[in-house]
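Heads up, coords32.txt below (compact mmCIF, C-alpha atoms):
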# COMPACT_ATOMS: atom_id res chain seq x y z
CA MET A 1 -96.19 -0.12 19.27
CA THR A 2 -97.78 0.10 22.70
CA ALA A 3 -96.10 1.12 25.95
CA ARG A 4 -95.85 -2.53 26.85
CA SER A 5 -93.94 -3.37 23.71
CA VAL A 6 -90.40 -4.58 24.07
CA LEU A 7 -87.86 -2.05 22.87
CA LEU A 8 -84.57 -3.32 21.57
CA VAL A 9 -81.37 -1.46 22.52
CA LEU A 10 -77.93 -2.26 21.19
CA ALA A 11 -75.33 -2.74 24.00
CA LEU A 12 -71.78 -1.97 22.91
CA VAL A 13 -68.95 -4.15 24.09
CA ALA A 14 -65.92 -2.15 25.39
CA ILE A 15 -62.41 -3.05 24.35
CA PRO A 16 -60.35 -4.20 27.39
CA LEU A 17 -58.06 -1.65 28.98
CA GLY A 18 -54.45 -1.86 27.89
CA ALA A 19 -55.19 -3.24 24.43
CA HIS A 20 -54.04 -1.09 21.57
CA ALA A 21 -53.08 -1.18 17.99
CA GLY A 22 -49.52 -0.74 16.80
CA PRO A 23 -46.13 -1.93 18.13
CA ALA A 24 -45.53 -2.63 21.81
CA LYS A 25 -44.20 0.29 23.84
CA VAL A 26 -41.22 -0.56 26.06
CA ALA A 27 -39.85 1.85 28.67
CA VAL A 28 -36.08 1.49 29.04
CA ALA A 29 -34.82 2.55 32.48
CA LYS A 30 -31.47 4.33 32.58
CA VAL A 31 -28.72 1.74 32.97
CA LYS A 32 -26.76 2.01 36.22
CA GLY A 33 -23.60 0.30 37.46
CA SER A 34 -19.83 0.37 37.26
CA LYS A 35 -18.47 2.82 34.70
CA LYS A 36 -15.90 0.20 33.76
CA ALA A 37 -18.78 -1.90 32.41
CA ASN A 38 -19.80 0.93 30.00
CA PRO A 39 -23.44 1.43 31.09
CA ALA A 40 -24.08 4.09 28.43
CA GLY A 41 -22.89 1.79 25.66
CA PHE A 42 -24.97 -1.07 27.01
CA GLU A 43 -28.09 1.11 27.09
CA SER A 44 -27.52 2.21 23.50
CA GLY A 45 -27.15 -1.39 22.31
CA LEU A 46 -30.22 -2.46 24.29
CA VAL A 47 -32.40 0.17 22.62
CA LYS A 48 -31.06 -0.86 19.21
CA GLY A 49 -31.93 -4.50 19.84
CA LEU A 50 -35.43 -3.68 21.10
CA LYS A 51 -36.16 -1.59 18.02
CA ALA A 52 -34.87 -4.39 15.80
CA ALA A 53 -37.55 -6.61 17.37
CA GLY A 54 -40.21 -4.14 16.19
CA VAL A 55 -41.09 -2.42 19.46
CA THR A 56 -41.16 1.28 20.34
CA THR A 57 -38.75 2.38 23.10
CA ILE A 58 -39.21 5.19 25.63
CA GLY A 59 -36.37 6.30 27.90
CA VAL A 60 -37.20 6.71 31.60
CA ALA A 61 -35.22 7.37 34.79
CA ALA A 62 -33.39 4.60 36.65
CA VAL A 63 -35.57 2.46 38.94
CA ARG A 64 -34.97 -0.29 41.50
CA PRO A 65 -37.17 -3.39 41.07
CA GLY A 66 -38.96 -4.48 44.22
CA THR A 67 -39.47 -0.97 45.55
CA PRO A 68 -43.03 0.38 45.76
CA SER A 69 -44.36 1.64 42.43
CA PHE A 70 -41.10 0.99 40.62
CA THR A 71 -43.06 0.67 37.35
CA ALA A 72 -44.66 4.13 37.76
CA PRO A 73 -42.31 5.82 35.23
CA ALA A 74 -43.35 3.27 32.59
CA GLU A 75 -47.05 3.78 33.27
CA GLU A 76 -46.67 7.56 33.19
CA ALA A 77 -44.91 7.29 29.83
CA GLY A 78 -47.78 5.18 28.44
CA ALA A 79 -45.58 2.10 28.02
CA ASP A 80 -46.77 -1.50 28.25
CA PHE A 81 -43.45 -2.93 29.44
CA LEU A 82 -40.39 -1.88 31.45
CA VAL A 83 -36.77 -3.00 31.01
CA VAL A 84 -34.37 -2.62 33.98
CA THR A 85 -30.62 -3.25 33.66
CA GLU A 86 -27.71 -3.45 36.11
CA VAL A 87 -24.14 -3.72 34.82
CA ARG A 88 -21.27 -4.96 36.96
CA TYR A 89 -17.49 -5.12 36.80
CA ALA A 90 -15.64 -7.57 39.05
CA LYS A 91 -12.36 -9.44 38.72
CA LYS A 92 -11.81 -8.06 35.21
CA LYS A 93 -15.17 -9.47 34.10
CA ARG A 94 -18.07 -7.38 32.85
CA SER A 95 -21.63 -8.61 33.15
CA ALA A 96 -25.18 -7.32 32.99
CA THR A 97 -28.56 -8.49 34.23
CA VAL A 98 -31.52 -7.30 32.14
CA ARG A 99 -35.09 -7.82 33.41
CA LEU A 100 -38.36 -7.37 31.49
CA PHE A 101 -41.52 -6.40 33.41
CA THR A 102 -45.08 -5.60 32.45
CA ALA A 103 -46.31 -2.13 33.37
CA GLU A 104 -48.15 -3.82 36.26
CA GLY A 105 -44.89 -5.19 37.74
CA GLU A 106 -45.00 -8.82 36.56
CA GLU A 107 -41.52 -10.07 35.66
CA LEU A 108 -41.58 -11.82 32.28
CA LYS A 109 -37.90 -12.57 31.73
CA SER A 110 -34.46 -12.06 33.28
CA VAL A 111 -31.36 -12.42 31.11
CA ARG A 112 -27.72 -12.32 32.25
CA THR A 113 -24.95 -11.67 29.74
CA SER A 114 -21.21 -10.98 29.91
CA TYR A 115 -18.59 -9.29 27.74
CA ARG A 116 -14.82 -8.95 28.05
CA LYS A 117 -14.22 -5.34 27.01
CA PRO A 118 -16.23 -2.10 27.36
CA ALA A 119 -16.54 -1.92 23.59
CA GLY A 120 -18.40 -5.25 23.65
CA ALA A 121 -21.27 -3.80 25.68
CA LYS A 122 -23.28 -2.65 22.64
CA ALA A 123 -23.19 -5.99 20.84
CA ALA A 124 -24.05 -7.98 23.97
CA ALA A 125 -26.90 -5.60 24.80
CA ALA A 126 -28.31 -5.70 21.26
CA LYS A 127 -28.69 -9.48 21.44
CA VAL A 128 -30.50 -9.26 24.78
CA GLY A 129 -32.65 -6.38 23.53
CA LYS A 130 -33.73 -8.33 20.48
CA GLN A 131 -34.64 -11.32 22.65
CA LEU A 132 -36.67 -9.29 25.14
CA GLY A 133 -38.22 -7.20 22.38
CA ALA A 134 -39.55 -10.38 20.75
CA ILE A 135 -41.13 -11.39 24.06
CA ALA A 136 -42.75 -7.96 24.47
CA ALA A 137 -44.01 -7.96 20.88
CA GLU A 138 -45.48 -11.44 21.28
CA ARG A 139 -47.18 -10.46 24.53
CA ALA A 140 -48.62 -7.32 22.93
CA ALA A 141 -49.85 -9.31 19.92
CA GLU A 142 -51.64 -11.73 22.24
CA ALA A 143 -53.36 -8.81 23.97
CA GLU A 144 -54.47 -7.35 20.61
CA ALA A 145 -55.75 -10.74 19.46
CA ALA A 146 -57.76 -11.09 22.67
CA ALA A 147 -59.23 -7.60 22.16
CA ALA A 148 -60.13 -8.38 18.53
CA ALA A 149 -61.82 -11.63 19.54
CA ALA A 150 -63.85 -9.79 22.16
CA ALA A 151 -64.92 -7.18 19.59
CA GLU A 152 -66.20 -9.89 17.22
CA GLN A 153 -68.57 -11.41 19.78
CA PRO A 154 -72.32 -11.31 18.73
CA ARG A 155 -74.09 -8.10 19.55
CA VAL A 156 -76.02 -8.33 22.77
CA VAL A 157 -79.69 -7.32 22.50
CA ALA A 158 -81.21 -6.40 25.80
CA PRO A 159 -84.98 -6.00 26.29
CA VAL A 160 -86.23 -2.85 27.95
CA VAL A 161 -89.25 -3.46 30.17
CA PRO A 162 -91.65 -0.70 31.21
CA LYS A 163 -91.16 0.46 34.76
CA ASP A 164 -94.48 -0.90 36.04
CA GLU A 165 -93.58 -4.37 34.74
CA ALA A 166 -89.99 -4.41 35.88
CA PRO A 167 -89.22 -7.32 38.20
CA PRO A 168 -88.22 -6.50 41.77
CA PRO A 169 -84.49 -6.11 42.34
CA PRO A 170 -82.70 -9.21 43.59
CA ALA A 171 -82.15 -9.53 47.32
CA PRO A 172 -78.66 -8.57 48.46
CA VAL A 173 -76.26 -11.45 48.94
CA ALA A 174 -74.19 -11.38 52.11
CA THR A 175 -70.45 -11.91 51.69
CA ALA A 176 -68.09 -12.94 54.43
CA ALA A 177 -65.75 -10.20 55.59
CA VAL A 178 -62.08 -11.05 55.47
CA PRO A 179 -60.03 -9.83 58.47
CA LYS A 180 -57.36 -7.33 57.53
CA ASP A 181 -54.53 -9.57 58.61
CA GLU A 182 -55.90 -12.41 56.43
CA ALA A 183 -56.47 -10.35 53.30
CA PRO A 184 -54.36 -11.54 50.38
CA GLU A 185 -51.48 -9.28 49.45
CA ALA A 186 -50.22 -8.53 45.99
CA GLU A 187 -47.04 -10.41 45.28
CA VAL A 188 -44.08 -8.12 44.81
CA SER A 189 -41.07 -9.34 42.92
CA ARG A 190 -37.91 -8.68 44.97
CA ARG A 191 -34.40 -9.60 44.03
CA ARG A 192 -31.17 -8.39 45.55
CA SER A 193 -27.70 -8.45 44.24
CA SER A 194 -25.47 -11.29 45.39
CA SER A 195 -23.70 -9.24 48.03
CA GLY A 196 -25.40 -5.87 48.32
CA LEU A 197 -21.91 -4.32 48.27
CA GLY A 198 -19.44 -2.96 45.80
CA ASP A 199 -17.94 -5.31 43.25
CA LYS A 200 -14.52 -5.15 44.95
CA GLU A 201 -15.89 -6.89 48.06
CA ASP A 202 -17.26 -9.87 46.13
CA GLY A 203 -14.01 -11.87 46.06
CA ILE A 204 -14.05 -15.38 47.50
CA VAL A 205 -10.70 -14.84 49.28
CA ARG A 206 -9.34 -11.61 50.74
CA LEU A 207 -5.78 -11.58 52.10
CA SER A 208 -4.48 -8.64 54.15
CA VAL A 209 -0.90 -8.09 55.36
CA GLY A 210 0.20 -5.05 57.30
CA VAL A 211 2.56 -3.43 59.77
CA GLY A 212 1.97 -0.94 62.53
CA THR A 213 2.43 -0.40 66.22
CA GLN A 214 1.19 -1.84 69.50
CA MET A 215 0.80 1.11 71.85
CA GLY A 216 -0.12 1.50 75.50
CA SER A 217 0.61 -2.13 76.38
CA ALA A 218 -0.08 -2.41 80.10
CA TYR A 219 0.24 -5.37 82.50
CA THR A 220 -1.01 -5.18 86.08
CA VAL A 221 -1.04 -7.61 89.00
CA ALA A 222 -3.40 -6.69 91.84
CA VAL A 223 -4.26 -8.30 95.16
CA GLY A 224 -7.60 -7.09 96.38
CA GLY A 225 -7.53 -3.38 95.61
CA ASP A 226 -3.75 -3.05 95.78
CA VAL A 227 -1.59 -2.88 92.66
CA THR A 228 1.75 -4.64 93.07
CA GLY A 229 5.17 -3.63 91.76
CA LEU A 230 4.93 -6.38 89.14
CA ALA A 231 2.95 -4.04 86.90
CA TYR A 232 4.60 -2.53 83.82
CA THR A 233 3.81 -0.38 80.79
CA LEU A 234 5.60 -0.76 77.45
CA SER A 235 6.68 1.80 74.87
CA PRO A 236 5.19 1.55 71.35
CA LEU A 237 6.27 -1.67 69.67
CA LEU A 238 6.51 -2.92 66.07
CA LEU A 239 3.43 -4.89 64.96
CA VAL A 240 3.16 -7.33 62.04
CA THR A 241 -0.29 -8.65 61.20
CA ALA A 242 -2.10 -10.83 58.65
CA HIS A 243 -5.77 -11.62 58.05
CA VAL A 244 -7.45 -14.03 55.62
CA VAL A 245 -11.20 -13.98 54.89
CA VAL A 246 -12.91 -16.70 52.84
CA ARG A 247 -16.54 -16.11 51.88
CA ALA A 248 -19.24 -17.52 49.61
CA PRO A 249 -20.65 -14.26 48.13
CA ARG A 250 -24.13 -15.57 47.32
CA LEU A 251 -24.54 -17.34 50.69
CA GLY A 252 -22.95 -14.75 52.97
CA LEU A 253 -21.35 -17.54 55.02
CA GLY A 254 -17.62 -17.30 55.55
CA GLY A 255 -14.63 -17.89 57.76
CA GLU A 256 -11.60 -15.87 58.72
CA VAL A 257 -8.19 -16.41 60.29
CA TRP A 258 -5.93 -13.73 61.79
CA THR A 259 -2.53 -13.52 63.44
CA SER A 260 -0.23 -10.85 64.86
CA PHE A 261 3.38 -10.78 66.01
CA VAL A 262 5.02 -8.14 68.21
CA PRO A 263 8.70 -8.41 69.25
CA VAL A 264 9.58 -6.78 72.57
CA LYS A 265 12.60 -6.14 74.80
CA PHE A 266 12.10 -5.50 78.52
CA VAL A 267 14.38 -3.39 80.71
CA VAL A 268 14.28 -4.77 84.27
CA ASP A 269 15.98 -2.64 86.94
CA VAL A 270 15.62 -4.42 90.31
CA ASP A 271 17.81 -5.35 93.27
CA PRO A 272 19.07 -8.03 93.21
CA PRO A 273 19.37 -7.76 89.41
CA VAL A 274 17.97 -10.34 87.06
CA ASP A 275 20.01 -12.05 84.38
CA PRO A 276 19.63 -10.92 81.67
CA ASN A 277 18.38 -7.51 82.78
CA GLU A 278 17.03 -6.80 79.26
CA PRO A 279 15.15 -9.99 78.44
CA SER A 280 13.62 -10.25 74.97
CA GLY A 281 10.16 -11.55 74.23
CA ARG A 282 7.24 -11.49 71.87
CA PHE A 283 3.48 -11.17 71.76
CA PHE A 284 1.82 -13.70 69.46
CA ASP A 285 -1.89 -14.11 68.70
CA VAL A 286 -3.68 -16.43 66.28
CA GLY A 287 -7.40 -16.99 65.95
CA GLY A 288 -10.27 -17.87 63.68
CA ALA A 289 -14.01 -17.33 63.40
CA VAL A 290 -17.07 -18.33 61.42
CA SER A 291 -19.15 -15.41 60.21
CA TYR A 292 -22.34 -14.65 58.29
CA ARG A 293 -22.80 -11.38 56.42
CA LEU A 294 -26.38 -10.15 56.50
CA ASN A 295 -27.02 -7.44 53.91
CA LEU A 296 -29.44 -4.83 55.24
CA THR A 297 -29.87 -2.46 52.30
CA ASP A 298 -28.25 -1.33 49.07
CA ILE A 299 -26.57 2.07 48.77
CA GLY A 300 -26.56 3.39 45.22
CA THR A 301 -25.76 0.82 42.57
CA SER A 302 -22.67 -0.80 44.10
CA GLY A 303 -22.68 -0.08 47.85
CA GLY A 304 -24.48 -1.46 50.84
CA LEU A 305 -25.03 -1.62 54.60
CA TYR A 306 -24.49 -4.95 56.34
CA LEU A 307 -24.15 -6.76 59.69
CA THR A 308 -21.78 -9.66 60.31
CA PRO A 309 -22.24 -11.80 63.44
CA LEU A 310 -19.20 -13.98 64.16
CA VAL A 311 -18.17 -16.72 66.59
CA GLY A 312 -14.62 -17.97 67.04
CA ALA A 313 -11.66 -18.81 69.26
CA GLU A 314 -8.19 -17.38 69.80
CA TYR A 315 -4.83 -18.26 71.30
CA ALA A 316 -3.00 -15.23 72.76
CA SER A 317 0.42 -15.29 74.40
CA MET A 318 3.37 -13.27 75.65
CA THR A 319 6.65 -15.15 75.85
CA ALA A 320 9.59 -13.63 77.74
CA GLN A 321 13.17 -14.79 78.07
CA GLY A 322 13.85 -16.46 81.44
CA GLN A 323 15.54 -14.38 84.17
CA GLY A 324 16.72 -17.10 86.54
CA GLU A 325 15.40 -17.65 90.06
CA ASN A 326 14.51 -13.98 90.45
CA THR A 327 12.20 -13.86 87.40
CA VAL A 328 10.17 -10.65 87.30
CA VAL A 329 8.58 -10.81 83.83
CA VAL A 330 6.74 -14.12 83.40
CA SER A 331 5.41 -15.64 80.20
CA TYR A 332 1.67 -16.25 79.89
CA SER A 333 -0.79 -17.65 77.37
CA GLY A 334 -4.51 -18.25 77.14
CA ILE A 335 -7.28 -19.63 74.94
CA ASN A 336 -10.60 -17.86 74.71
CA VAL A 337 -13.88 -18.30 72.86
CA GLN A 338 -15.47 -15.15 71.57
CA GLY A 339 -18.43 -13.76 69.72
CA GLY A 340 -19.16 -10.39 68.27
CA LEU A 341 -20.84 -8.20 65.72
CA ARG A 342 -19.39 -6.24 62.83
CA ILE A 343 -21.28 -3.45 61.06
CA GLY A 344 -20.08 -2.23 57.70
CA VAL A 345 -21.01 0.36 55.13
CA ALA A 346 -19.78 0.66 51.55
CA PRO A 347 -20.86 4.13 50.36
CA MET A 348 -19.21 3.58 46.99
CA GLU A 349 -17.63 0.85 44.91
CA ASP A 350 -14.07 1.35 46.18
CA LEU A 351 -14.54 2.28 49.86
CA VAL A 352 -15.65 0.27 52.93
CA PHE A 353 -15.96 1.28 56.60
CA GLU A 354 -16.33 -1.30 59.40
CA LEU A 355 -16.84 -1.13 63.18
CA GLU A 356 -16.55 -4.23 65.35
CA GLY A 357 -17.12 -5.32 68.94
CA ARG A 358 -16.28 -8.67 70.51
CA GLY A 359 -16.52 -10.30 73.91
CA GLY A 360 -15.26 -13.66 75.10
CA LEU A 361 -14.57 -16.03 77.95
CA LEU A 362 -11.16 -17.38 78.91
CA LEU A 363 -11.11 -21.19 78.75
CA SER A 364 -7.52 -21.70 79.91
CA TYR A 365 -4.65 -19.61 81.22
CA SER A 366 -1.08 -20.56 82.12
CA GLU A 367 2.13 -18.82 83.25
CA GLY A 368 5.81 -19.76 83.43
CA PRO A 369 8.39 -20.36 84.68
CA THR A 370 6.79 -19.04 87.87
CA THR A 371 3.15 -18.23 88.52
CA THR A 372 0.93 -15.51 89.98
CA GLY A 373 -1.62 -18.09 91.13
CA GLU A 374 -3.45 -21.23 90.09
CA GLY A 375 -6.25 -21.83 87.62
CA GLY A 376 -7.28 -18.79 85.71
CA SER A 377 -10.67 -17.64 84.50
CA GLY A 378 -11.83 -14.36 83.11
CA PHE A 379 -13.00 -12.48 80.06
CA ILE A 380 -11.83 -10.38 77.12
CA VAL A 381 -13.31 -7.30 75.43
CA ARG A 382 -12.29 -5.93 72.03
CA VAL A 383 -13.45 -2.95 70.00
CA GLY A 384 -12.08 -1.64 66.74
CA GLY A 385 -12.62 -0.50 63.21
CA GLN A 386 -11.20 -0.69 59.71
CA VAL A 387 -11.23 1.39 56.52
CA ARG A 388 -10.55 -0.37 53.20
CA TYR A 389 -9.93 1.28 49.84
CA TRP A 390 -9.49 -0.53 46.50
CA PHE A 391 -7.05 0.88 43.95
CA THR A 392 -7.82 -1.82 41.36
CA ASP A 393 -10.07 -4.85 41.07
CA MET A 394 -7.62 -6.98 43.09
CA PHE A 395 -5.43 -4.66 45.17
CA GLY A 396 -6.14 -2.09 47.85
CA ALA A 397 -5.00 -0.64 51.17
CA TYR A 398 -6.45 -0.59 54.66
CA VAL A 399 -6.08 1.08 58.06
CA ASN A 400 -7.06 -0.89 61.16
CA ALA A 401 -7.31 0.17 64.81
CA GLY A 402 -8.41 -1.80 67.87
CA TYR A 403 -8.23 -1.96 71.66
CA SER A 404 -8.08 -5.24 73.63
CA TYR A 405 -8.64 -5.78 77.35
CA GLN A 406 -8.29 -8.99 79.38
CA ARG A 407 -9.01 -9.77 83.04
CA VAL A 408 -7.83 -13.02 84.65
CA GLY A 409 -8.77 -14.12 88.16
CA LEU A 410 -6.40 -16.59 89.88
CA THR A 411 -6.66 -18.61 93.09
CA GLY A 412 -4.14 -19.70 95.68
CA THR A 413 -0.65 -18.39 96.32
CA GLY A 414 1.69 -17.52 93.47
CA THR A 415 5.27 -18.79 93.17
CA ARG A 416 6.80 -15.74 91.50
CA VAL A 417 8.98 -13.34 93.50
CA ALA A 418 7.15 -10.26 94.77
CA PHE A 419 8.61 -6.96 95.93
CA GLN A 420 9.09 -6.46 99.67
CA GLU A 421 6.44 -3.75 99.94
CA ASP A 422 3.88 -5.82 98.01
CA PRO A 423 1.15 -7.91 99.67
CA THR A 424 1.32 -11.71 99.47
CA LEU A 425 0.25 -12.99 96.05
CA LEU A 426 -2.95 -14.64 97.22
CA ASP A 427 -6.00 -14.85 94.93
CA ALA A 428 -4.42 -12.24 92.66
CA THR A 429 -5.94 -10.71 89.53
CA VAL A 430 -4.03 -10.05 86.31
CA PHE A 431 -5.09 -7.27 83.92
CA ASN A 432 -3.57 -6.53 80.53
CA GLY A 433 -4.55 -4.39 77.58
CA ASP A 434 -3.15 -2.82 74.45
CA PHE A 435 -4.05 -0.62 71.49
CA LYS A 436 -3.01 -1.73 68.00
CA LEU A 437 -2.80 0.49 64.92
CA SER A 438 -1.80 -0.95 61.56
CA THR A 439 -1.91 -0.28 57.86
CA GLY A 440 -1.18 -2.48 54.90
CA LEU A 441 -2.25 -3.94 51.59
CA HIS A 442 -4.96 -6.43 50.72
CA VAL A 443 -5.65 -8.56 47.70
CA SER A 444 -8.98 -10.03 46.58
CA LEU A 445 -9.05 -13.30 44.66
Whole structure given in structure tokens:
Amino acid sequence: MTARSVLLVLALVAIPLGAHAGPAKVAVAKVKGSKKANPAGFESGLVKGLKAAGVTTIGVAAVRPGTPSFTAPAEEAGADFLVVTEVRYAKKKRSATVRLFTAEGEELKSVRTSYRKPAGAKAAAAKVGKQLGAIAAERAAEAEAAAAAAAEQPRVVAPVVPKDEAPPPPAPVATAAVPKDEAPEAEVSRRRSSSGLGDKEDGIVRLSVGVGTQMGSAYTVAVGGDVTGLAYTLSPLLLVTAHVVVRAPRLGLGGEVWTSFVPVKFVVDVDPPVDPNEPSGRFFDVGGAVSYRLNLTDIGTSGGLYLTPLVGAEYASMTAQGQGENTVVVSYSGINVQGGLRIGVAPMEDLVFELEGRGGLLLSYSEGPTTTGEGGSGFIVRVGGQVRYWFTDMFGAYVNAGYSYQRVGLTGTGTRVAFQEDPTLLDATVFNGDFKLSTGLHVSL
């Protein structure tokens, strides 16, 4: 042969990455969730079912799908697939969601199953494991078949041309640059739990009933910067309260209704005396709101951090027994519209902390039998918090604390009797506030 002769060189065809011989390798992430759902038993049954489908299992640490590089433990273990499981226990029902991913993060299948007793976890998991194992085995077989087909392609014979006869290299081809903000992004599979909170908070209806005290109740009538003798402060009073919350767990949308009742007896010591000089009365509030719970992040396997904006209205009143022509303590009532924000954190399955702030405008205000002025406009401010603890799936206890403040501006001259040293009730302002502390039981349905 001369130097110009064509030399034949055999070019080998490489087998695609990821193809292998033998059974599929499946990484099984440690099962997390409520202990009442028997996560260890479910994991054992899952592995048994996967092996029954003819795949090899490798145990890895717990992961959270949707987080960056959540499949890294599977890749490091040399697995082709990853199985992630979450078990739950709510309203005496046990359930599990099992998801099958490729080592690259593609979700192939998600299966939800349920079982009545902890002992049933193994059997339920084995069925799911066998189903997902069959999918993994089939996917691995397809990859092996594709690799075998590629290996059977005809050998490629490439001519080698002497350097002095080699054709010039092709001219470079310009490609359009893609701006960074227009570059395609890899799709990441993200899925959250229905509520982001502990199982105990997932009930559609939550009813709370409690008792406590209304402390620091203060009522003030001022004209300009002068406080009149019509102001009073009350000793701690008995408080009875109830609260109902209705919520669609998967939507976050809900509504709530609340009410409170506080009996009171006034002691009025004036000259001339009023009749009766110890008039009875009551504080009564009832209101409702529409709310939307926005889950911010999960905490552990059954907790979460959330925000709840709410908008509603309330009727608030204080009714006192009449004291004749010389009435000192007048009854009053008002309707307000309000909005606010509630922030909550559930650090564990059985415990929830909430802080809340509300503000509102007074739509109407009335007094009787005599008045401090006409009209009535103003605002309310409320701040408070609650701690809830669940003893069982349905029953728990709570502690609630809150402070309320209201300012009402009136016009004109009032008709109620004022003290001799007081200024004329002209364009007066009424302030009232109280601090409520209660504890009680709640039930989730």
Within 12 Å of (-41.4, -9.5, 35.5) (coordinates as in the file), grab all the protein and nucleic acid residues, counting all atoms listed in the file, and write them out as a PDB file with C-alpha atoms, keeping the file's coordinate frame.
ATOM      1  CA  PRO A  65     -37.170  -3.390  41.070  1.00  0.00           C
ATOM      2  CA  GLY A  66     -38.960  -4.480  44.220  1.00  0.00           C
ATOM      3  CA  PHE A  70     -41.100   0.990  40.620  1.00  0.00           C
ATOM      4  CA  THR A  71     -43.060   0.670  37.350  1.00  0.00           C
ATOM      5  CA  PHE A  81     -43.450  -2.930  29.440  1.00  0.00           C
ATOM      6  CA  LEU A  82     -40.390  -1.880  31.450  1.00  0.00           C
ATOM      7  CA  VAL A  83     -36.770  -3.000  31.010  1.00  0.00           C
ATOM      8  CA  VAL A  84     -34.370  -2.620  33.980  1.00  0.00           C
ATOM      9  CA  VAL A  98     -31.520  -7.300  32.140  1.00  0.00           C
ATOM     10  CA  ARG A  99     -35.090  -7.820  33.410  1.00  0.00           C
ATOM     11  CA  LEU A 100     -38.360  -7.370  31.490  1.00  0.00           C
ATOM     12  CA  PHE A 101     -41.520  -6.400  33.410  1.00  0.00           C
ATOM     13  CA  THR A 102     -45.080  -5.600  32.450  1.00  0.00           C
ATOM     14  CA  ALA A 103     -46.310  -2.130  33.370  1.00  0.00           C
ATOM     15  CA  GLU A 104     -48.150  -3.820  36.260  1.00  0.00           C
ATOM     16  CA  GLY A 105     -44.890  -5.190  37.740  1.00  0.00           C
ATOM     17  CA  GLU A 106     -45.000  -8.820  36.560  1.00  0.00           C
ATOM     18  CA  GLU A 107     -41.520 -10.070  35.660  1.00  0.00           C
ATOM     19  CA  LEU A 108     -41.580 -11.820  32.280  1.00  0.00           C
ATOM     20  CA  LYS A 109     -37.900 -12.570  31.730  1.00  0.00           C
ATOM     21  CA  SER A 110     -34.460 -12.060  33.280  1.00  0.00           C
ATOM     22  CA  VAL A 111     -31.360 -12.420  31.110  1.00  0.00           C
ATOM     23  CA  LEU A 132     -36.670  -9.290  25.140  1.00  0.00           C
ATOM     24  CA  ILE A 135     -41.130 -11.390  24.060  1.00  0.00           C
ATOM     25  CA  ALA A 136     -42.750  -7.960  24.470  1.00  0.00           C
ATOM     26  CA  GLU A 187     -47.040 -10.410  45.280  1.00  0.00           C
ATOM     27  CA  VAL A 188     -44.080  -8.120  44.810  1.00  0.00           C
ATOM     28  CA  SER A 189     -41.070  -9.340  42.920  1.00  0.00           C
ATOM     29  CA  ARG A 190     -37.910  -8.680  44.970  1.00  0.00           C
ATOM     30  CA  ARG A 191     -34.400  -9.600  44.030  1.00  0.00           C
TER      31      ARG A 191
END
Quiz item: If you count all atoms listed in the file, which residues fall within 12 Å of Val381 in chain A, apart from same-chain ones fewer than 6 positions away, as number ranges by chain?
Solution: A: 336-340, 356-362, 402-407, 431-434
Exercise. Quick one: pull the distance between CA of Tyr115 in chain A and CA of Lys48 in chain A, Å, one decimal.
Key: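 Between CA of Tyr115 in chain A and CA of Lys48 in chain A the gap is 17.3 Å.
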Self-check item: Who sits within 10 Å of range 415-429 of chain A, only C-alpha atoms, same chain under 3 positions skipped, as a PyMOL selection string
Solution: chain A and resi 220-230+270-271+325-330+367-374+376-378+407-412
Quiz item: For the point (-46.7, -0.4, 25.1) in file coordinates, what residues are within 10 Å, counting all atoms listed in the file? Give the answer as JSON, numbers by chain?
Solution: {"A": [18, 19, 20, 21, 22, 23, 24, 25, 26, 27, 55, 56, 57, 58, 74, 75, 77, 78, 79, 80, 81, 82, 102, 103, 136, 137, 140]}
Quiz item: With distances taken over all atoms listed in the file, which of A:Ala149, A:Ala134, A:Val443, A:Ala401 is nearest to Gly212 in chain A?
Solution: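 Ranking A:Ala149, A:Ala134, A:Val443, A:Ala401 by distance to Gly212 in chain A, first place goes to A:Ala401.
If only C-alpha atoms are the atoms counted, then among A:Tyr332, A:Ala29, A:Asp269, A:Ser44 the closest residue to Ala72 in chain A is A:Ala29.
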Self-check item: Distance query Ser438 in chain A at most 7 Å, all atoms listed in the file, self and fewer than 2 positions along chain excluded, as a PyMOL selection string
Solution: chain A and resi 210-213+399-401+436+440
For those residues, write C-alpha atoms to a file as a tab-separated table (two decimals), in the coordinates of the input.
chain	number	residue	atom	x	y	z
A	210	GLY	CA	0.20	-5.05	57.30
A	211	VAL	CA	2.56	-3.43	59.77
A	212	GLY	CA	1.97	-0.94	62.53
A	213	THR	CA	2.43	-0.40	66.22
A	399	VAL	CA	-6.08	1.08	58.06
A	400	ASN	CA	-7.06	-0.89	61.16
A	401	ALA	CA	-7.31	0.17	64.81
A	436	LYS	CA	-3.01	-1.73	68.00
A	440	GLY	CA	-1.18	-2.48	54.90
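The interatomic distance for the pair CA of Ala126 in chain A and CA of Gly33 in chain A works out to 17.9 Å.
Put simply, CA of Ala61 in chain A is 8.3 Å away from CA of Val28 in chain A.
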Quiz item: From the list A:Ala346, A:Val267, A:Val274, A:Val262, which residue is nearest Met318 in chain A when using all atoms listed in the file?
Solution: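 Looking at the shortest contact to Met318 in chain A, the residue is A:Val262.
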Quiz item: Smallest atom-to-atom distance to Leu237 in chain A: which of A:Val60, A:Leu437, A:Ala124, A:Val87, using only C-alpha atoms?
Solution: A:Leu437
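Remark: for Lys35 in chain A, the closest of the candidate residues A:Ser69, A:Thr297, A:Gly287, A:Glu349 is A:Glu349 (distances computed over all atoms listed in the file).
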Quiz item: Excluding same-chain residues fewer than 5 positions from Gln321 in chain A, what lies within 8 Å of it counting only C-alpha atoms, as a list of chain:residue names?
Solution: A:Pro279, A:Ser280, A:Gly281
Once you have the residues from the selection above, write them out as a CSV table (one decimal), keeping the file's coordinate frame, restricted to C-alpha atoms.
chain,number,residue,atom,x,y,z
A,279,PRO,CA,15.2,-10.0,78.4
A,280,SER,CA,13.6,-10.2,75.0
A,281,GLY,CA,10.2,-11.6,74.2
